[in-house]
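Okay, protein.tsv now, which holds TSV, N, CA and C atoms:
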```tsv
chain	number	residue	atom	x	y	z
E	21	MET	N	0.82	-1.20	0.00
E	21	MET	CA	0.00	0.00	0.00
E	21	MET	C	0.86	1.26	0.00
E	22	LEU	N	1.99	1.20	0.66
E	22	LEU	CA	2.87	2.35	0.70
E	22	LEU	C	3.38	2.71	-0.70
E	23	GLY	N	3.63	1.70	-1.52
E	23	GLY	CA	4.09	1.94	-2.89
E	23	GLY	C	3.05	2.69	-3.70
E	24	ALA	N	1.77	2.35	-3.53
E	24	ALA	CA	0.70	3.03	-4.26
E	24	ALA	C	0.61	4.48	-3.82
E	25	SER	N	0.78	4.72	-2.52
E	25	SER	CA	0.73	6.08	-1.99
E	25	SER	C	1.90	6.91	-2.55
E	26	GLU	N	3.06	6.31	-2.62
E	26	GLU	CA	4.22	7.01	-3.17
E	26	GLU	C	4.04	7.30	-4.65
E	27	ALA	N	3.45	6.36	-5.37
E	27	ALA	CA	3.19	6.56	-6.80
E	27	ALA	C	2.16	7.68	-7.00
E	28	LEU	N	1.13	7.70	-6.17
E	28	LEU	CA	0.12	8.76	-6.27
E	28	LEU	C	0.73	10.12	-5.94
E	29	ALA	N	1.62	10.15	-4.96
E	29	ALA	CA	2.29	11.41	-4.61
E	29	ALA	C	3.15	11.90	-5.78
E	30	ARG	N	3.81	10.98	-6.47
E	30	ARG	CA	4.63	11.35	-7.63
E	30	ARG	C	3.75	11.90	-8.76
E	31	VAL	N	2.63	11.24	-9.00
E	31	VAL	CA	1.70	11.72	-10.04
E	31	VAL	C	1.17	13.10	-9.66
E	32	HIS	N	0.88	13.30	-8.38
E	32	HIS	CA	0.38	14.60	-7.91
E	32	HIS	C	1.40	15.71	-8.17
E	33	VAL	N	2.64	15.44	-7.91
E	33	VAL	CA	3.69	16.45	-8.15
E	33	VAL	C	3.88	16.68	-9.65
E	34	ASP	N	3.93	15.60	-10.42
E	34	ASP	CA	4.11	15.75	-11.87
E	34	ASP	C	2.93	16.47	-12.50
E	35	TRP	N	1.73	16.14	-12.07
E	35	TRP	CA	0.54	16.78	-12.64
E	35	TRP	C	0.49	18.26	-12.27
E	36	ALA	N	1.09	18.62	-11.13
E	36	ALA	CA	1.16	20.03	-10.74
E	36	ALA	C	1.86	20.85	-11.83
E	37	TRP	N	2.90	20.28	-12.41
E	37	TRP	CA	3.61	20.99	-13.47
E	37	TRP	C	2.76	21.10	-14.74
E	38	VAL	N	1.91	20.12	-14.99
E	38	VAL	CA	0.98	20.21	-16.11
E	38	VAL	C	0.01	21.37	-15.87
E	39	VAL	N	-0.50	21.46	-14.65
E	39	VAL	CA	-1.43	22.54	-14.30
E	39	VAL	C	-0.74	23.90	-14.43
E	40	ILE	N	0.44	24.01	-13.91
E	40	ILE	CA	1.17	25.28	-13.93
E	40	ILE	C	1.50	25.69	-15.37
E	41	ALA	N	2.07	24.79	-16.13
E	41	ALA	CA	2.47	25.12	-17.50
E	41	ALA	C	1.26	25.40	-18.39
E	42	SER	N	0.23	24.57	-18.29
E	42	SER	CA	-0.93	24.76	-19.18
E	42	SER	C	-1.65	26.07	-18.89
E	43	ASN	N	-1.81	26.41	-17.63
E	43	ASN	CA	-2.48	27.67	-17.30
E	43	ASN	C	-1.62	28.87	-17.66
E	44	GLY	N	-0.31	28.74	-17.53
E	44	GLY	CA	0.58	29.82	-17.96
E	44	GLY	C	0.54	30.04	-19.46
E	45	VAL	N	0.54	28.94	-20.20
E	45	VAL	CA	0.51	29.05	-21.67
E	45	VAL	C	-0.80	29.65	-22.15
E	46	VAL	N	-1.94	29.14	-21.65
E	46	VAL	CA	-3.22	29.68	-22.14
E	46	VAL	C	-3.44	31.10	-21.65
E	47	GLY	N	-2.91	31.42	-20.47
E	47	GLY	CA	-3.01	32.80	-19.98
E	47	GLY	C	-2.23	33.75	-20.87
E	48	ALA	N	-1.02	33.38	-21.22
E	48	ALA	CA	-0.21	34.23	-22.11
E	48	ALA	C	-0.83	34.30	-23.51
E	49	TRP	N	-1.37	33.18	-23.98
E	49	TRP	CA	-2.02	33.14	-25.29
E	49	TRP	C	-3.23	34.07	-25.31
E	50	ALA	N	-4.05	34.03	-24.26
E	50	ALA	CA	-5.23	34.90	-24.20
E	50	ALA	C	-4.83	36.37	-24.14
E	51	LEU	N	-3.79	36.70	-23.40
E	51	LEU	CA	-3.33	38.09	-23.37
E	51	LEU	C	-2.82	38.52	-24.73
E	52	ALA	N	-2.10	37.65	-25.40
E	52	ALA	CA	-1.61	37.97	-26.75
E	52	ALA	C	-2.77	38.09	-27.72
E	53	ALA	N	-3.80	37.25	-27.55
E	53	ALA	CA	-4.97	37.31	-28.42
E	53	ALA	C	-5.75	38.61	-28.21
E	54	HIS	N	-5.68	39.14	-27.01
E	54	HIS	CA	-6.32	40.44	-26.76
E	54	HIS	C	-5.67	41.52	-27.62
E	55	ARG	N	-4.39	41.40	-27.78
E	55	ARG	CA	-3.63	42.40	-28.54
E	55	ARG	C	-3.67	42.13	-30.04
E	56	TRP	N	-3.53	40.87	-30.44
E	56	TRP	CA	-3.44	40.52	-31.86
E	56	TRP	C	-4.59	39.58	-32.24
E	57	GLU	N	-5.45	40.05	-33.09
E	57	GLU	CA	-6.63	39.27	-33.51
E	57	GLU	C	-6.26	37.96	-34.19
E	58	ALA	N	-5.12	37.90	-34.82
E	58	ALA	CA	-4.71	36.68	-35.51
E	58	ALA	C	-4.59	35.49	-34.57
E	59	LEU	N	-4.41	35.73	-33.29
E	59	LEU	CA	-4.26	34.66	-32.30
E	59	LEU	C	-5.59	34.21	-31.71
E	60	ARG	N	-6.67	34.80	-32.15
E	60	ARG	CA	-8.00	34.45	-31.61
E	60	ARG	C	-8.56	33.25	-32.37
E	61	HIS	N	-8.40	32.09	-31.77
E	61	HIS	CA	-8.85	30.83	-32.36
E	61	HIS	C	-9.76	30.12	-31.37
E	62	ARG	N	-10.63	29.29	-31.90
E	62	ARG	CA	-11.47	28.45	-31.05
E	62	ARG	C	-10.59	27.53	-30.19
E	63	ALA	N	-9.43	27.17	-30.69
E	63	ALA	CA	-8.53	26.28	-29.95
E	63	ALA	C	-8.12	26.89	-28.61
E	64	LEU	N	-8.06	28.20	-28.53
E	64	LEU	CA	-7.72	28.86	-27.26
E	64	LEU	C	-8.71	28.45	-26.18
E	65	TRP	N	-9.98	28.43	-26.52
E	65	TRP	CA	-11.01	28.12	-25.52
E	65	TRP	C	-10.97	26.64	-25.14
E	66	TRP	N	-10.68	25.77	-26.10
E	66	TRP	CA	-10.55	24.35	-25.78
E	66	TRP	C	-9.34	24.11	-24.87
E	67	CYS	N	-8.24	24.78	-25.17
E	67	CYS	CA	-7.04	24.64	-24.35
E	67	CYS	C	-7.24	25.23	-22.96
E	68	THR	N	-7.96	26.34	-22.90
E	68	THR	CA	-8.26	26.95	-21.60
E	68	THR	C	-9.11	26.02	-20.76
E	69	ALA	N	-10.12	25.42	-21.38
E	69	ALA	CA	-10.97	24.47	-20.65
E	69	ALA	C	-10.15	23.29	-20.15
E	70	ALA	N	-9.26	22.78	-20.98
E	70	ALA	CA	-8.42	21.65	-20.58
E	70	ALA	C	-7.50	22.04	-19.41
E	71	ALA	N	-6.95	23.24	-19.46
E	71	ALA	CA	-6.07	23.70	-18.38
E	71	ALA	C	-6.84	23.85	-17.08
E	72	GLU	N	-8.08	24.31	-17.17
E	72	GLU	CA	-8.88	24.49	-15.95
E	72	GLU	C	-9.38	23.15	-15.42
E	73	VAL	N	-9.70	22.22	-16.29
E	73	VAL	CA	-10.08	20.88	-15.85
E	73	VAL	C	-8.89	20.19	-15.17
E	74	ALA	N	-7.70	20.48	-15.64
E	74	ALA	CA	-6.49	19.90	-15.02
E	74	ALA	C	-6.41	20.29	-13.55
E	75	ILE	N	-6.90	21.46	-13.19
E	75	ILE	CA	-6.90	21.89	-11.78
E	75	ILE	C	-7.80	20.98	-10.96
E	76	PHE	N	-8.98	20.66	-11.49
E	76	PHE	CA	-9.89	19.78	-10.77
E	76	PHE	C	-9.30	18.37	-10.61
E	77	VAL	N	-8.61	17.90	-11.64
E	77	VAL	CA	-7.93	16.61	-11.55
E	77	VAL	C	-6.85	16.66	-10.46
E	78	GLN	N	-6.11	17.74	-10.43
E	78	GLN	CA	-5.04	17.90	-9.44
E	78	GLN	C	-5.60	17.89	-8.02
E	79	VAL	N	-6.68	18.61	-7.81
E	79	VAL	CA	-7.28	18.65	-6.47
E	79	VAL	C	-7.82	17.26	-6.09
E	80	ALA	N	-8.43	16.57	-7.04
E	80	ALA	CA	-8.93	15.21	-6.77
E	80	ALA	C	-7.78	14.27	-6.39
E	81	LEU	N	-6.65	14.39	-7.08
E	81	LEU	CA	-5.47	13.59	-6.74
E	81	LEU	C	-5.00	13.92	-5.32
E	82	GLY	N	-5.00	15.19	-4.99
E	82	GLY	CA	-4.58	15.61	-3.65
E	82	GLY	C	-5.51	15.11	-2.57
E	83	VAL	N	-6.81	15.18	-2.84
E	83	VAL	CA	-7.78	14.69	-1.86
E	83	VAL	C	-7.59	13.18	-1.65
E	84	ALA	N	-7.39	12.44	-2.73
E	84	ALA	CA	-7.15	11.00	-2.61
E	84	ALA	C	-5.88	10.72	-1.82
E	85	LEU	N	-4.91	11.58	-1.96
E	85	LEU	CA	-3.63	11.39	-1.29
E	85	LEU	C	-3.72	11.59	0.22
E	86	VAL	N	-4.55	12.50	0.69
E	86	VAL	CA	-4.61	12.81	2.13
E	86	VAL	C	-5.72	12.06	2.85
E	87	GLN	N	-6.46	11.22	2.17
E	87	GLN	CA	-7.54	10.46	2.82
E	87	GLN	C	-6.98	9.67	4.00
E	88	GLY	N	-7.60	9.86	5.17
E	88	GLY	CA	-7.22	9.11	6.35
E	88	GLY	C	-5.92	9.54	6.99
E	89	ARG	N	-5.40	10.68	6.61
E	89	ARG	CA	-4.13	11.17	7.18
E	89	ARG	C	-4.35	12.47	7.92
E	90	ASP	N	-3.40	12.81	8.76
E	90	ASP	CA	-3.42	14.10	9.43
E	90	ASP	C	-3.12	15.17	8.39
E	91	THR	N	-4.07	16.09	8.18
E	91	THR	CA	-3.90	17.10	7.13
E	91	THR	C	-3.26	18.39	7.64
E	92	ALA	N	-2.94	18.45	8.92
E	92	ALA	CA	-2.37	19.69	9.47
E	92	ALA	C	-1.14	20.18	8.70
E	93	PRO	N	-0.20	19.29	8.32
E	93	PRO	CA	0.98	19.81	7.60
E	93	PRO	C	0.66	20.31	6.19
E	94	TYR	N	-0.52	19.98	5.68
E	94	TYR	CA	-0.85	20.32	4.30
E	94	TYR	C	-1.86	21.46	4.20
E	95	ARG	N	-2.17	22.12	5.28
E	95	ARG	CA	-3.27	23.09	5.28
E	95	ARG	C	-3.12	24.17	4.22
E	96	PHE	N	-1.98	24.83	4.15
E	96	PHE	CA	-1.82	25.90	3.16
E	96	PHE	C	-1.73	25.34	1.75
E	97	HIS	N	-1.15	24.18	1.61
E	97	HIS	CA	-1.09	23.54	0.31
E	97	HIS	C	-2.50	23.26	-0.19
E	98	MET	N	-3.34	22.71	0.66
E	98	MET	CA	-4.73	22.44	0.29
E	98	MET	C	-5.50	23.74	0.06
E	99	PHE	N	-5.20	24.74	0.84
E	99	PHE	CA	-5.85	26.05	0.68
E	99	PHE	C	-5.66	26.57	-0.74
E	100	TYR	N	-4.45	26.52	-1.26
E	100	TYR	CA	-4.20	27.03	-2.61
E	100	TYR	C	-4.92	26.20	-3.67
E	101	GLY	N	-5.03	24.91	-3.45
E	101	GLY	CA	-5.77	24.06	-4.38
E	101	GLY	C	-7.24	24.43	-4.44
E	102	PHE	N	-7.84	24.63	-3.28
E	102	PHE	CA	-9.26	24.97	-3.26
E	102	PHE	C	-9.49	26.41	-3.74
E	103	VAL	N	-8.56	27.30	-3.47
E	103	VAL	CA	-8.67	28.66	-4.01
E	103	VAL	C	-8.62	28.63	-5.53
E	104	ALA	N	-7.81	27.75	-6.09
E	104	ALA	CA	-7.73	27.63	-7.55
E	104	ALA	C	-9.08	27.20	-8.13
E	105	ILE	N	-9.76	26.25	-7.48
E	105	ILE	CA	-11.08	25.83	-7.94
E	105	ILE	C	-12.07	26.99	-7.86
E	106	ILE	N	-12.03	27.72	-6.78
E	106	ILE	CA	-12.93	28.87	-6.62
E	106	ILE	C	-12.61	29.94	-7.66
E	107	ALA	N	-11.33	30.14	-7.94
E	107	ALA	CA	-10.92	31.13	-8.95
E	107	ALA	C	-11.45	30.75	-10.33
E	108	VAL	N	-11.39	29.47	-10.67
E	108	VAL	CA	-11.95	29.02	-11.96
E	108	VAL	C	-13.43	29.37	-12.03
E	109	ALA	N	-14.15	29.11	-10.94
E	109	ALA	CA	-15.59	29.43	-10.91
E	109	ALA	C	-15.84	30.93	-11.04
E	110	ILE	N	-15.03	31.73	-10.39
E	110	ILE	CA	-15.20	33.19	-10.47
E	110	ILE	C	-14.89	33.68	-11.88
E	111	ILE	N	-13.81	33.21	-12.46
E	111	ILE	CA	-13.46	33.61	-13.83
E	111	ILE	C	-14.60	33.25	-14.78
E	112	TYR	N	-15.10	32.04	-14.66
E	112	TYR	CA	-16.19	31.59	-15.52
E	112	TYR	C	-17.45	32.42	-15.31
E	113	SER	N	-17.73	32.77	-14.06
E	113	SER	CA	-18.96	33.52	-13.77
E	113	SER	C	-18.92	34.96	-14.29
E	114	TYR	N	-17.75	35.51	-14.49
E	114	TYR	CA	-17.63	36.89	-14.97
E	114	TYR	C	-17.55	37.00	-16.49
E	115	ARG	N	-17.59	35.88	-17.21
E	115	ARG	CA	-17.40	35.93	-18.66
E	115	ARG	C	-18.47	36.76	-19.36
E	116	ALA	N	-19.72	36.74	-18.88
E	116	ALA	CA	-20.79	37.51	-19.54
E	116	ALA	C	-20.64	39.01	-19.28
E	117	GLN	N	-20.34	39.38	-18.04
E	117	GLN	CA	-20.19	40.78	-17.70
E	117	GLN	C	-18.98	41.42	-18.37
E	118	LEU	N	-17.95	40.64	-18.57
E	118	LEU	CA	-16.70	41.17	-19.13
E	118	LEU	C	-16.48	40.73	-20.58
E	119	LYS	N	-17.57	40.48	-21.29
E	119	LYS	CA	-17.47	39.99	-22.68
E	119	LYS	C	-16.54	40.85	-23.54
E	120	PRO	N	-16.59	42.18	-23.44
E	120	PRO	CA	-15.66	42.98	-24.25
E	120	PRO	C	-14.19	42.80	-23.87
E	121	HIS	N	-13.96	42.29	-22.67
E	121	HIS	CA	-12.59	42.10	-22.17
E	121	HIS	C	-12.31	40.64	-21.87
E	122	LEU	N	-12.96	39.74	-22.61
E	122	LEU	CA	-12.88	38.31	-22.34
E	122	LEU	C	-11.44	37.78	-22.39
E	123	TYR	N	-10.67	38.26	-23.36
E	123	TYR	CA	-9.30	37.77	-23.48
E	123	TYR	C	-8.44	38.24	-22.31
E	124	LEU	N	-8.71	39.45	-21.83
E	124	LEU	CA	-7.99	39.93	-20.65
E	124	LEU	C	-8.38	39.12	-19.42
E	125	LEU	N	-9.67	38.84	-19.28
E	125	LEU	CA	-10.15	38.06	-18.14
E	125	LEU	C	-9.47	36.70	-18.09
E	126	TYR	N	-9.50	35.99	-19.21
E	126	TYR	CA	-8.91	34.66	-19.22
E	126	TYR	C	-7.38	34.70	-19.25
E	127	GLY	N	-6.81	35.75	-19.80
E	127	GLY	CA	-5.36	35.89	-19.77
E	127	GLY	C	-4.84	36.10	-18.36
E	128	CYS	N	-5.40	37.08	-17.69
E	128	CYS	CA	-4.98	37.35	-16.31
E	128	CYS	C	-5.38	36.20	-15.39
E	129	GLY	N	-6.56	35.63	-15.66
E	129	GLY	CA	-7.01	34.49	-14.86
E	129	GLY	C	-6.09	33.29	-14.99
E	130	GLY	N	-5.66	33.00	-16.21
E	130	GLY	CA	-4.75	31.88	-16.42
E	130	GLY	C	-3.41	32.08	-15.72
E	131	LEU	N	-2.90	33.30	-15.78
E	131	LEU	CA	-1.63	33.58	-15.10
E	131	LEU	C	-1.80	33.54	-13.58
E	132	PHE	N	-2.96	33.99	-13.10
E	132	PHE	CA	-3.25	33.90	-11.67
E	132	PHE	C	-3.29	32.45	-11.23
E	133	LEU	N	-3.96	31.60	-12.01
E	133	LEU	CA	-4.03	30.18	-11.68
E	133	LEU	C	-2.65	29.53	-11.73
E	134	MET	N	-1.82	29.95	-12.66
E	134	MET	CA	-0.45	29.46	-12.71
E	134	MET	C	0.28	29.83	-11.42
E	135	GLY	N	0.10	31.06	-10.97
E	135	GLY	CA	0.73	31.51	-9.73
E	135	GLY	C	0.25	30.74	-8.52
E	136	LEU	N	-1.04	30.44	-8.48
E	136	LEU	CA	-1.56	29.63	-7.37
E	136	LEU	C	-0.92	28.25	-7.38
E	137	GLY	N	-0.75	27.69	-8.58
E	137	GLY	CA	-0.10	26.38	-8.68
E	137	GLY	C	1.34	26.42	-8.19
E	138	LEU	N	2.05	27.46	-8.58
E	138	LEU	CA	3.44	27.60	-8.12
E	138	LEU	C	3.51	27.76	-6.60
E	139	ARG	N	2.60	28.54	-6.06
E	139	ARG	CA	2.58	28.76	-4.62
E	139	ARG	C	2.23	27.46	-3.88
E	140	ALA	N	1.26	26.71	-4.42
E	140	ALA	CA	0.89	25.43	-3.80
E	140	ALA	C	2.07	24.46	-3.82
E	141	LEU	N	2.81	24.49	-4.90
E	141	LEU	CA	3.99	23.63	-5.00
E	141	LEU	C	5.05	24.04	-3.98
E	142	GLU	N	5.18	25.33	-3.77
E	142	GLU	CA	6.18	25.84	-2.83
E	142	GLU	C	5.86	25.47	-1.39
E	143	VAL	N	4.59	25.56	-1.01
E	143	VAL	CA	4.25	25.29	0.40
E	143	VAL	C	3.87	23.84	0.63
E	144	GLY	N	3.90	23.02	-0.40
E	144	GLY	CA	3.53	21.61	-0.29
E	144	GLY	C	4.57	20.82	0.49
E	145	PRO	N	4.22	19.60	0.81
E	145	PRO	CA	5.14	18.75	1.58
E	145	PRO	C	6.39	18.44	0.76
E	146	ARG	N	7.45	18.29	1.43
E	146	ARG	CA	8.74	18.01	0.78
E	146	ARG	C	9.01	16.53	0.76
```

Can you turn what I pasted into structure tokens?
Amino acid sequence: MLGASEALARVHVDWAWVVIASNGVVGAWALAAHRWEALRHRALWWCTAAAEVAIFVQVALGVALVQGRDTAPYRFHMFYGFVAIIAVAIIYSYRAQLKPHLYLLYGCGGLFLMGLGLRALEVGPR
């Protein structure tokens, strides 16, 4: 059982880099698309959705990892994960109100989510 837990922990760390990189890339892409119309493709929205779904996968992996364990050492790490989920919901909820600035919303939002991922990685268990 310990081997499975170690493997899950490794996947959790590796997937964190997927979350960080994907949200950084789509955030930068959306900001660039705000400036240059040539970068406005439907693929941006598919990639953004995939990057945001990756956050939910990451949190699910983390929840599976801490089941039945003392979570005190992981409190801030878990905090950043749940804040990332809430941030995705807030970004999504503002898309109608900020329609003229949609690329800015998702650009800044993607970079914010990348930052949350980096911070979660920094305060996570060693």

Which is closer to Leu124 (chain E) than all the others in E:Ile75, E:His54, E:Val83, E:Ile106, using all atoms listed in the file?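 For Leu124 (chain E), the nearest of the given residues is E:His54.
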
How big is the axis-aligned box, and where does its centre sit, when it encloses all atoms of region 76-84 of chain E listed in the file and has 8 Å added on every side, reported in Å to one decimal as AutoDock Vina command-line options?
```
--center_x -7.2 --center_y 15.7 --center_z -6.6 --size_x 21.3 --size_y 25.9 --size_z 26.0
```

Quick one: distance from CA of Gly130 (chain E) to atom N of Val73 (chain E) in Å, one decimal? 10.9 Å

As a ChimeraX atom specification, please: the residues near Leu141 (chain E) (cut-off 9 Å, only C-alpha atoms, same-chain neighbours under 3 positions excluded). /E:33,36-37,97,136-138,144-145

Looking at only C-alpha atoms, which of E:Tyr114, E:Arg60, E:Ala80, E:Asp90 is the one that sits closest to Val31 (chain E)?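 Nearest to Val31 (chain E): E:Ala80.
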
Coordinate excerpt as a compact mmCIF listing (two decimals), in the first residue's frame: region 36-51 of chain E, N, CA and C atoms:
```
# COMPACT_ATOMS: atom_id res chain seq x y z
N ALA E 36 1.09 18.62 -11.13
CA ALA E 36 1.16 20.03 -10.74
C ALA E 36 1.86 20.85 -11.83
N TRP E 37 2.90 20.28 -12.41
CA TRP E 37 3.61 20.99 -13.47
C TRP E 37 2.76 21.10 -14.74
N VAL E 38 1.91 20.12 -14.99
CA VAL E 38 0.98 20.21 -16.11
C VAL E 38 0.01 21.37 -15.87
N VAL E 39 -0.50 21.46 -14.65
CA VAL E 39 -1.43 22.54 -14.30
C VAL E 39 -0.74 23.90 -14.43
N ILE E 40 0.44 24.01 -13.91
CA ILE E 40 1.17 25.28 -13.93
C ILE E 40 1.50 25.69 -15.37
N ALA E 41 2.07 24.79 -16.13
CA ALA E 41 2.47 25.12 -17.50
C ALA E 41 1.26 25.40 -18.39
N SER E 42 0.23 24.57 -18.29
CA SER E 42 -0.93 24.76 -19.18
C SER E 42 -1.65 26.07 -18.89
N ASN E 43 -1.81 26.41 -17.63
CA ASN E 43 -2.48 27.67 -17.30
C ASN E 43 -1.62 28.87 -17.66
N GLY E 44 -0.31 28.74 -17.53
CA GLY E 44 0.58 29.82 -17.96
C GLY E 44 0.54 30.04 -19.46
N VAL E 45 0.54 28.94 -20.20
CA VAL E 45 0.51 29.05 -21.67
C VAL E 45 -0.80 29.65 -22.15
N VAL E 46 -1.94 29.14 -21.65
CA VAL E 46 -3.22 29.68 -22.14
C VAL E 46 -3.44 31.10 -21.65
N GLY E 47 -2.91 31.42 -20.47
CA GLY E 47 -3.01 32.80 -19.98
C GLY E 47 -2.23 33.75 -20.87
N ALA E 48 -1.02 33.38 -21.22
CA ALA E 48 -0.21 34.23 -22.11
C ALA E 48 -0.83 34.30 -23.51
N TRP E 49 -1.37 33.18 -23.98
CA TRP E 49 -2.02 33.14 -25.29
C TRP E 49 -3.23 34.07 -25.31
N ALA E 50 -4.05 34.03 -24.26
CA ALA E 50 -5.23 34.90 -24.20
C ALA E 50 -4.83 36.37 -24.14
N LEU E 51 -3.79 36.70 -23.40
CA LEU E 51 -3.33 38.09 -23.37
C LEU E 51 -2.82 38.52 -24.73
```
